[in-house]
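Structure file final.txt with compact mmCIF, C-alpha atoms:
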```
# COMPACT_ATOMS: atom_id res chain seq x y z
CA MET D 1 0.00 0.00 0.00
CA GLN D 2 0.99 3.64 -0.45
CA ALA D 3 0.42 6.79 1.59
CA GLY D 4 -2.51 7.81 -0.59
CA ASP D 5 -4.32 4.59 0.39
CA VAL D 6 -4.45 5.48 4.10
CA ILE D 7 -7.96 6.36 5.36
CA ILE D 8 -8.14 9.04 8.04
CA TYR D 9 -11.67 9.21 9.40
CA ARG D 10 -13.08 11.87 11.71
CA PRO D 11 -16.75 11.32 12.71
CA SER D 12 -18.92 14.18 11.46
CA ASP D 13 -22.12 13.28 13.35
CA SER D 14 -21.54 13.96 17.05
CA ASP D 15 -24.90 12.47 18.06
CA ALA D 16 -24.17 9.25 16.18
CA LEU D 17 -20.77 9.10 17.89
CA LYS D 18 -22.36 9.51 21.32
CA ARG D 19 -24.81 6.70 20.62
CA SER D 20 -22.01 4.49 19.39
CA LEU D 21 -19.88 5.17 22.47
CA ALA D 22 -22.84 4.43 24.74
CA LYS D 23 -23.35 1.11 22.93
CA SER D 24 -19.66 0.32 23.40
CA MET D 25 -19.95 1.09 27.11
CA ARG D 26 -22.91 -1.28 27.52
CA TYR D 27 -20.98 -4.01 25.74
CA ALA D 28 -17.90 -3.50 27.91
CA LEU D 29 -19.95 -3.73 31.10
CA VAL D 30 -22.09 -6.74 30.28
CA SER D 31 -19.20 -8.69 28.76
CA PHE D 32 -16.70 -7.81 31.51
CA PRO D 33 -17.39 -10.91 33.67
CA PHE D 34 -16.75 -13.18 30.66
CA THR D 35 -13.83 -11.44 28.92
CA VAL D 36 -10.39 -13.01 29.09
CA ASN D 37 -7.97 -10.75 30.93
CA ARG D 38 -5.27 -10.87 28.23
CA MET D 39 -3.29 -7.98 29.71
CA ASN D 40 -3.32 -9.44 33.25
CA LEU D 41 -4.75 -6.21 34.61
CA LYS D 42 -5.64 -6.44 38.29
CA ASN D 43 -7.64 -3.21 38.52
CA PRO D 44 -11.23 -3.84 37.31
CA ARG D 45 -11.54 -0.25 36.07
CA SER D 46 -8.45 -0.77 33.93
CA ARG D 47 -9.91 -3.98 32.56
CA ILE D 48 -13.18 -2.27 31.64
CA ALA D 49 -11.25 0.58 30.02
CA ASN D 50 -9.23 -1.98 28.08
CA ILE D 51 -12.40 -3.60 26.72
CA LEU D 52 -13.68 -0.15 25.76
CA LYS D 53 -10.46 0.66 23.93
CA GLY D 54 -10.93 -2.54 21.98
CA LYS D 55 -14.41 -1.45 20.90
CA LEU D 56 -13.52 2.13 19.92
CA ALA D 57 -12.02 1.30 16.55
CA GLU D 58 -14.92 -1.00 15.73
CA ALA D 59 -17.42 1.73 16.61
CA LEU D 60 -15.59 4.28 14.46
CA LEU D 61 -15.26 1.96 11.49
CA GLU D 62 -18.97 1.18 11.66
CA LEU D 63 -19.73 4.92 11.58
CA TYR D 64 -17.37 5.32 8.63
CA GLY D 65 -19.27 2.63 6.75
CA VAL D 66 -22.62 4.30 7.46
CA GLU D 67 -21.39 7.74 6.37
CA ASN D 68 -19.94 6.36 3.14
CA ASN D 69 -22.72 3.89 2.28
CA ILE D 70 -20.41 0.89 2.54
CA PRO D 71 -22.38 -2.24 3.54
CA MET D 72 -20.22 -3.45 6.42
CA ASP D 73 -22.31 -5.83 8.50
CA PHE D 74 -21.25 -5.63 12.15
CA SER D 75 -24.01 -7.97 13.30
CA ALA D 76 -23.04 -10.96 11.13
CA GLY D 77 -20.39 -12.26 13.55
CA GLU D 78 -22.12 -11.34 16.81
CA THR D 79 -22.66 -13.96 19.49
CA PRO D 80 -24.32 -13.75 22.94
CA PHE D 81 -22.58 -11.41 25.40
CA TRP D 82 -21.06 -14.25 27.44
CA THR D 83 -19.13 -15.64 24.42
CA SER D 84 -16.54 -14.25 22.03
CA ASP D 85 -17.71 -12.91 18.68
CA ASN D 86 -16.95 -15.03 15.62
CA PHE D 87 -15.54 -12.00 13.78
CA ASP D 88 -15.99 -8.23 13.82
CA PHE D 89 -17.80 -7.52 10.55
CA LYS D 90 -18.59 -8.93 7.14
CA LEU D 91 -18.18 -7.19 3.81
CA GLY D 92 -19.09 -9.08 0.68
CA ASN D 93 -18.03 -12.68 1.19
CA THR D 94 -15.22 -11.81 3.60
CA ALA D 95 -15.32 -12.01 7.40
CA PHE D 96 -12.99 -9.41 8.91
CA ASP D 97 -11.26 -9.18 12.26
CA LEU D 98 -10.31 -5.57 13.01
CA LYS D 99 -6.90 -5.22 14.69
CA ASN D 100 -6.42 -1.75 16.13
CA ASN D 101 -3.37 -0.39 17.91
CA PHE D 102 -2.98 2.85 19.81
CA VAL D 103 -0.21 5.17 18.67
CA ASN D 104 1.68 7.15 21.29
CA THR D 105 1.29 10.52 19.61
CA ASP D 106 -0.74 13.60 20.47
CA GLU D 107 -2.14 14.00 16.98
CA THR D 108 -2.79 11.91 13.89
CA MET D 109 0.43 11.64 11.90
CA ALA D 110 1.07 12.28 8.21
CA SER D 111 -0.22 9.38 6.10
CA HIS D 112 3.19 8.11 4.96
CA ARG D 113 4.32 7.46 8.55
CA TYR D 114 1.67 4.77 9.00
CA LEU D 115 3.25 2.69 6.24
CA HIS D 116 6.11 1.79 8.60
CA LEU D 117 3.97 0.83 11.58
CA PRO D 118 3.35 -2.87 12.30
CA ALA D 119 0.33 -4.98 11.47
CA LEU D 120 -0.02 -7.09 14.63
CA VAL D 121 -2.09 -10.22 15.31
CA PRO D 122 -1.69 -11.92 18.74
CA ASN D 123 0.12 -15.25 18.40
CA ARG D 124 1.03 -16.26 21.95
CA PHE D 125 -0.13 -19.87 21.76
CA ASP D 126 -1.98 -22.40 19.60
CA GLY D 127 -5.57 -21.23 19.42
CA ASP D 128 -4.72 -17.53 19.70
CA GLN D 129 -6.09 -15.04 17.17
CA TRP D 130 -3.48 -15.72 14.48
CA SER D 131 -4.29 -19.45 14.45
CA LYS D 132 -7.86 -18.66 13.37
CA ARG D 133 -6.74 -17.06 10.10
CA ASN D 134 -7.56 -20.13 8.00
CA SER D 135 -10.93 -20.90 9.58
CA HIS D 136 -14.04 -20.20 7.55
CA PRO D 137 -17.20 -18.89 9.23
CA GLU D 138 -20.37 -20.47 7.92
CA ASN D 139 -21.66 -17.26 6.35
CA ALA D 140 -18.41 -16.17 4.66
CA LEU D 141 -16.01 -17.66 2.11
CA ARG D 142 -12.82 -16.36 3.65
CA ARG D 143 -11.38 -14.62 6.69
CA ALA D 144 -9.23 -11.49 6.67
CA PHE D 145 -7.65 -8.93 8.99
CA VAL D 146 -7.84 -5.17 8.67
CA PHE D 147 -5.43 -2.94 10.59
CA SER D 148 -6.11 0.48 12.09
CA PHE D 149 -4.64 3.00 14.53
CA ILE D 150 -5.90 5.63 16.97
CA SER D 151 -3.65 8.28 18.50
CA GLN D 152 -3.84 8.23 22.29
CA GLY D 153 -1.28 10.87 23.34
CA ARG D 154 2.35 10.63 24.35
CA SER D 155 1.84 10.28 28.08
CA PHE D 156 0.28 7.25 29.77
CA LYS D 157 -0.79 9.68 32.49
CA SER D 158 -3.19 11.36 30.05
CA PRO D 159 -5.71 8.67 29.06
CA LEU D 160 -7.81 8.80 25.93
CA PHE D 161 -11.00 8.95 28.00
CA ASP D 162 -12.26 9.10 31.57
CA LEU D 163 -14.41 6.26 32.84
CA HIS D 164 -17.31 7.34 35.05
CA LEU D 165 -18.34 4.35 37.14
CA GLU D 166 -19.39 4.36 40.79
CA PRO D 167 -17.52 2.16 43.33
CA GLU D 168 -20.70 0.17 44.06
CA GLN D 169 -21.10 -0.52 40.35
CA VAL D 170 -17.51 -1.75 40.13
CA ASN D 171 -18.05 -4.02 43.14
CA PHE D 172 -21.17 -5.44 41.51
CA LEU D 173 -19.23 -6.22 38.32
CA VAL D 174 -16.46 -7.92 40.29
CA ARG D 175 -18.95 -10.09 42.19
CA ILE D 176 -20.58 -11.18 38.93
CA ALA D 177 -17.16 -11.98 37.43
CA GLU D 178 -16.16 -14.02 40.49
CA ARG D 179 -19.44 -15.91 40.37
CA PHE D 180 -18.87 -17.11 36.79
CA SER D 181 -15.06 -17.29 36.76
CA HIS D 182 -14.89 -21.09 37.02
CA VAL D 183 -18.25 -22.00 35.54
CA GLU D 184 -18.77 -23.46 32.07
CA ILE D 185 -21.66 -21.44 30.68
CA GLN D 186 -24.03 -23.14 28.25
CA THR D 187 -27.02 -20.79 28.41
CA ALA D 188 -27.60 -17.14 29.26
CA PRO D 189 -26.26 -16.56 32.80
CA PHE D 190 -28.68 -13.68 33.30
CA ALA D 191 -30.89 -11.29 31.35
CA GLU D 192 -29.06 -8.25 30.03
CA GLU D 193 -31.98 -6.05 31.16
CA TRP D 194 -31.64 -7.32 34.73
CA PHE D 195 -27.91 -6.62 34.66
CA LEU D 196 -28.37 -3.01 33.47
CA ASP D 197 -31.13 -2.44 36.02
CA GLU D 198 -28.84 -3.64 38.81
CA LEU D 199 -26.15 -1.22 37.66
CA SER D 200 -28.63 1.67 37.60
CA ARG D 201 -29.65 0.87 41.19
CA ARG D 202 -26.06 1.46 42.25
CA GLY D 203 -25.43 4.80 40.59
CA PRO D 204 -25.94 6.97 37.50
CA GLU D 205 -25.55 5.50 34.04
CA PRO D 206 -21.88 4.59 33.47
CA ARG D 207 -20.25 6.62 30.72
CA MET D 208 -16.97 7.42 29.06
CA GLU D 209 -15.85 11.02 28.58
CA LEU D 210 -13.39 11.61 25.75
CA ARG D 211 -10.32 13.72 26.47
CA ARG D 212 -9.44 14.26 22.81
CA SER D 213 -11.09 14.09 19.40
CA LEU D 214 -11.21 10.61 17.94
CA GLU D 215 -9.73 9.83 14.55
CA LEU D 216 -9.47 6.37 13.06
CA VAL D 217 -6.63 5.65 10.66
CA VAL D 218 -7.37 2.57 8.54
CA CYS D 219 -4.41 1.09 6.71
CA GLY D 220 -3.73 -2.39 5.32
CA MET D 221 -5.54 -5.69 5.22
CA ALA D 222 -4.45 -9.30 4.95
CA THR D 223 -6.14 -12.29 3.33
CA GLY D 224 -4.78 -15.79 2.74
CA VAL D 225 -2.37 -14.63 0.03
CA ASP D 226 -0.71 -12.29 2.54
CA PHE D 227 -0.41 -14.53 5.58
CA ASP D 228 3.04 -15.84 4.68
CA LYS D 229 4.36 -12.26 4.96
CA PHE D 230 3.84 -12.34 8.74
CA LEU D 231 6.69 -13.27 11.08
CA ASP D 232 6.60 -13.57 14.86
CA THR D 233 7.99 -10.79 17.06
CA ASP D 234 8.44 -10.57 20.82
CA GLY D 235 12.04 -9.44 21.19
CA VAL D 236 12.83 -12.50 23.31
CA ASP D 237 12.51 -15.62 21.17
CA ALA D 238 11.08 -14.18 17.94
CA PHE D 239 12.76 -11.42 15.93
CA GLY D 240 10.92 -11.23 12.61
CA TYR D 241 11.76 -8.14 10.51
CA ALA D 242 14.25 -6.99 13.13
CA MET D 243 16.33 -5.15 10.52
CA TYR D 244 13.42 -3.50 8.73
CA GLN D 245 13.93 0.28 8.80
CA LYS D 246 17.44 -0.58 10.12
CA ARG D 247 16.12 -0.95 13.69
CA TRP D 248 12.37 -1.41 13.61
CA TYR D 249 11.89 -2.27 17.27
CA THR D 250 13.65 -2.69 20.59
CA LEU D 251 12.79 -4.48 23.81
CA ARG D 252 12.23 -1.98 26.59
CA GLN D 253 11.82 -2.65 30.28
CA ARG D 254 8.13 -2.46 31.37
CA LEU D 255 6.93 -1.38 27.88
CA GLY D 256 7.77 -4.59 26.07
CA LEU D 257 8.42 -4.46 22.33
CA SER D 258 8.68 -0.85 21.13
CA PHE D 259 8.18 -0.15 17.40
CA MET D 260 9.46 3.00 15.68
CA ASP D 261 10.94 4.48 18.83
CA GLY D 262 7.84 3.94 20.95
CA LEU D 263 5.05 4.84 18.53
CA VAL D 264 3.50 1.38 19.06
CA THR D 265 4.25 -0.93 21.98
CA THR D 266 3.17 -4.46 22.80
CA LYS D 267 3.99 -6.94 25.59
CA ILE D 268 3.02 -10.13 23.77
CA LYS D 269 4.16 -12.22 20.82
CA ASN D 270 2.47 -11.19 17.57
CA ALA D 271 2.45 -12.33 13.99
CA THR D 272 3.85 -9.14 12.48
CA CYS D 273 4.20 -7.47 9.10
CA PRO D 274 5.24 -3.96 7.99
CA MET D 275 2.13 -2.13 6.87
CA GLU D 276 3.57 -1.11 3.51
CA ALA D 277 3.92 -4.78 2.52
CA LEU D 278 0.14 -5.30 2.66
CA PRO D 279 -2.65 -4.31 0.26
CA SER D 280 -4.76 -1.40 1.45
CA PHE D 281 -8.26 -1.73 2.84
CA SER D 282 -9.28 1.32 0.79
CA SER D 283 -8.55 -0.56 -2.45
CA PHE D 284 -10.81 -3.38 -1.26
CA LEU D 285 -13.58 -0.87 -0.51
CA ARG D 286 -13.67 0.51 -4.04
CA ALA D 287 -15.70 -2.49 -5.21
CA PHE D 288 -18.44 -1.52 -2.73
CA GLU D 289 -18.60 2.23 -3.33
CA LYS D 290 -21.92 3.47 -4.64
```
Target encoding structure tokens, full file:
Amino acid sequence: MQAGDVIIYRPSDSDALKRSLAKSMRYALVSFPFTVNRMNLKNPRSRIANILKGKLAEALLELYGVENNIPMDFSAGETPFWTSDNFDFKLGNTAFDLKNNFVNTDETMASHRYLHLPALVPNRFDGDQWSKRNSHPENALRRAFVFSFISQGRSFKSPLFDLHLEPEQVNFLVRIAERFSHVEIQTAPFAEEWFLDELSRRGPEPRMELRRSLELVVCGMATGVDFDKFLDTDGVDAFGYAMYQKRWYTLRQRLGLSFMDGLVTTKIKNATCPMEALPSFSSFLRAFEK
């Protein structure tokens, strides 16, 4: 892909954005007791915020599709709230998983700089997200990844958003999580309406308050013909593309693997590819433009 293929999206409908963020908040809360704690975060507020960060890019991409009349179906891969979704959205005959990373910058960068950022898919163990690349959902012919970025600021002390959640609401969420932590769930553990009512009894409606304007940068995508371009990176046992850009990444204490002098960081092993080696998502979208 080239710099001109990079999509930089800024939501134009503030009301639609608010509704989308509220929907993301509800998802984060109701799914919290059943979400794997991949980052090993001990603070429940941090875990909820982490789930929300994972939904932000999805919410923004869905808004982008609506604004541009692109028929991305974000309901096709949905499953009940106590299970993991099959995939994030479907477009044509392709089921997509959206992989977003947060860039440690105060503002969205020039388009060409995103070409040197990494496309990352978690690959810590057999059965992790990378291992699902060759599976075929029943309602799609193939699976693909699409890669995006959101700027979150340079300082970890200045979060992207504030989470407004009362202590009693947090305690309720923790109790629910503890109740189902070692239980194999076959049917709905509770009604979503009951869950939301219980939260409302313990305080005002939980919400997220943005600290900066949101912009989604959508870059490359990968289908089966691209998967062999990915090499593992963790800076410990796996050093794929270590010499790309002369010194693409380093291993830093506490931060983990640091790409492009700290623009993107990760603490886990990923299947990794330089963004410029992949086809662009924008070129795929041209077939669906009306």
Which polymer residues have any atom within 9 Å of an atom of region 268-283 of chain D, counting all atoms listed in the file, with same-chain residues fewer than 6 positions away left out, as a PyMOL selection string? chain D and resi 1-3+5-7+39+114-125+130+146-147+218-222+226+229-235+238+240-241+244+256-257
Find the distance between CA of Val174 (chain D) and CA of Pro44 (chain D) and write it in Å to one decimal.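 Taking CA of Val174 (chain D) and CA of Pro44 (chain D), their separation equals 7.3 Å.
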Adding 4 Å on each side of the box along x, y and z that holds all listed atoms of region 76-90 of chain D, could you give its centre and edge lengths in Å to one decimal, as lines of an AutoDock Vina configuration file?
```
center_x = -19.9
center_y = -11.6
center_z = 17.3
size_x = 16.8
size_y = 16.1
size_z = 28.3
```
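The space between CA of Pro11 (chain D) and CA of Leu60 (chain D) spans 7.3 Å.
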Within 9 Å of (-8.2, -0.6, 17.9), in the coordinates the file gives, what residues turn up when you count only C-alpha atoms, written out as a PyMOL selection string? chain D and resi 53-58+98-102+147-150+216
Just give me the gap between CA of Leu160 (chain D) and CA of Asn50 (chain D) in Å, one decimal is fine.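 Answer for the CA of Leu160 (chain D) to CA of Asn50 (chain D) separation: 11.1 Å.
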Please list as a ChimeraX atom specification every residue within 10 Å of Pro189 (chain D), counting only C-alpha atoms and excluding residues in the same chain fewer than 4 positions away. /D:81-82,176,180,185
Residues of the last selection are to be written out with C-alpha atoms, as an mmCIF file, in the coordinates of the input.
```cif
data_model
loop_
_atom_site.group_PDB
_atom_site.id
_atom_site.type_symbol
_atom_site.label_atom_id
_atom_site.label_comp_id
_atom_site.auth_asym_id
_atom_site.auth_seq_id
_atom_site.Cartn_x
_atom_site.Cartn_y
_atom_site.Cartn_z
ATOM 1 C CA PHE D 81 -22.580 -11.410 25.400
ATOM 2 C CA TRP D 82 -21.060 -14.250 27.440
ATOM 3 C CA ILE D 176 -20.580 -11.180 38.930
ATOM 4 C CA PHE D 180 -18.870 -17.110 36.790
ATOM 5 C CA ILE D 185 -21.660 -21.440 30.680
#
```
How about completing region 211-223 of chain D with N, CA and C atoms and giving it to me as an mmCIF file, in the frame of the given file?
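Listed below is the output, selection_4.cif:
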```cif
data_model
loop_
_atom_site.group_PDB
_atom_site.id
_atom_site.type_symbol
_atom_site.label_atom_id
_atom_site.label_comp_id
_atom_site.auth_asym_id
_atom_site.auth_seq_id
_atom_site.Cartn_x
_atom_site.Cartn_y
_atom_site.Cartn_z
ATOM 1 N N ARG D 211 -11.241 12.628 26.157
ATOM 2 C CA ARG D 211 -10.320 13.720 26.470
ATOM 3 C C ARG D 211 -9.749 14.369 25.217
ATOM 4 N N ARG D 212 -9.946 13.724 24.072
ATOM 5 C CA ARG D 212 -9.440 14.260 22.810
ATOM 6 C C ARG D 212 -10.361 13.805 21.679
ATOM 7 N N SER D 213 -10.291 14.479 20.556
ATOM 8 C CA SER D 213 -11.090 14.090 19.400
ATOM 9 C C SER D 213 -10.614 12.741 18.876
ATOM 10 N N LEU D 214 -11.552 11.934 18.450
ATOM 11 C CA LEU D 214 -11.210 10.610 17.940
ATOM 12 C C LEU D 214 -11.030 10.653 16.424
ATOM 13 N N GLU D 215 -9.959 10.029 15.972
ATOM 14 C CA GLU D 215 -9.730 9.830 14.550
ATOM 15 C C GLU D 215 -9.250 8.398 14.340
ATOM 16 N N LEU D 216 -9.838 7.745 13.380
ATOM 17 C CA LEU D 216 -9.470 6.370 13.060
ATOM 18 C C LEU D 216 -8.653 6.374 11.775
ATOM 19 N N VAL D 217 -7.476 5.766 11.837
ATOM 20 C CA VAL D 217 -6.630 5.650 10.660
ATOM 21 C C VAL D 217 -6.653 4.190 10.218
ATOM 22 N N VAL D 218 -7.226 3.930 9.054
ATOM 23 C CA VAL D 218 -7.370 2.570 8.540
ATOM 24 C C VAL D 218 -6.317 2.358 7.455
ATOM 25 N N CYS D 219 -5.552 1.292 7.603
ATOM 26 C CA CYS D 219 -4.410 1.090 6.710
ATOM 27 C C CYS D 219 -4.559 -0.176 5.875
ATOM 28 N N GLY D 220 -3.762 -1.202 6.158
ATOM 29 C CA GLY D 220 -3.730 -2.390 5.320
ATOM 30 C C GLY D 220 -4.691 -3.477 5.743
ATOM 31 N N MET D 221 -4.738 -4.511 4.925
ATOM 32 C CA MET D 221 -5.540 -5.690 5.220
ATOM 33 C C MET D 221 -4.738 -6.917 4.784
ATOM 34 N N ALA D 222 -5.139 -8.062 5.288
ATOM 35 C CA ALA D 222 -4.450 -9.300 4.950
ATOM 36 C C ALA D 222 -5.460 -10.413 4.747
ATOM 37 N N THR D 223 -5.372 -11.085 3.599
ATOM 38 C CA THR D 223 -6.140 -12.290 3.330
ATOM 39 C C THR D 223 -5.150 -13.452 3.199
#
```
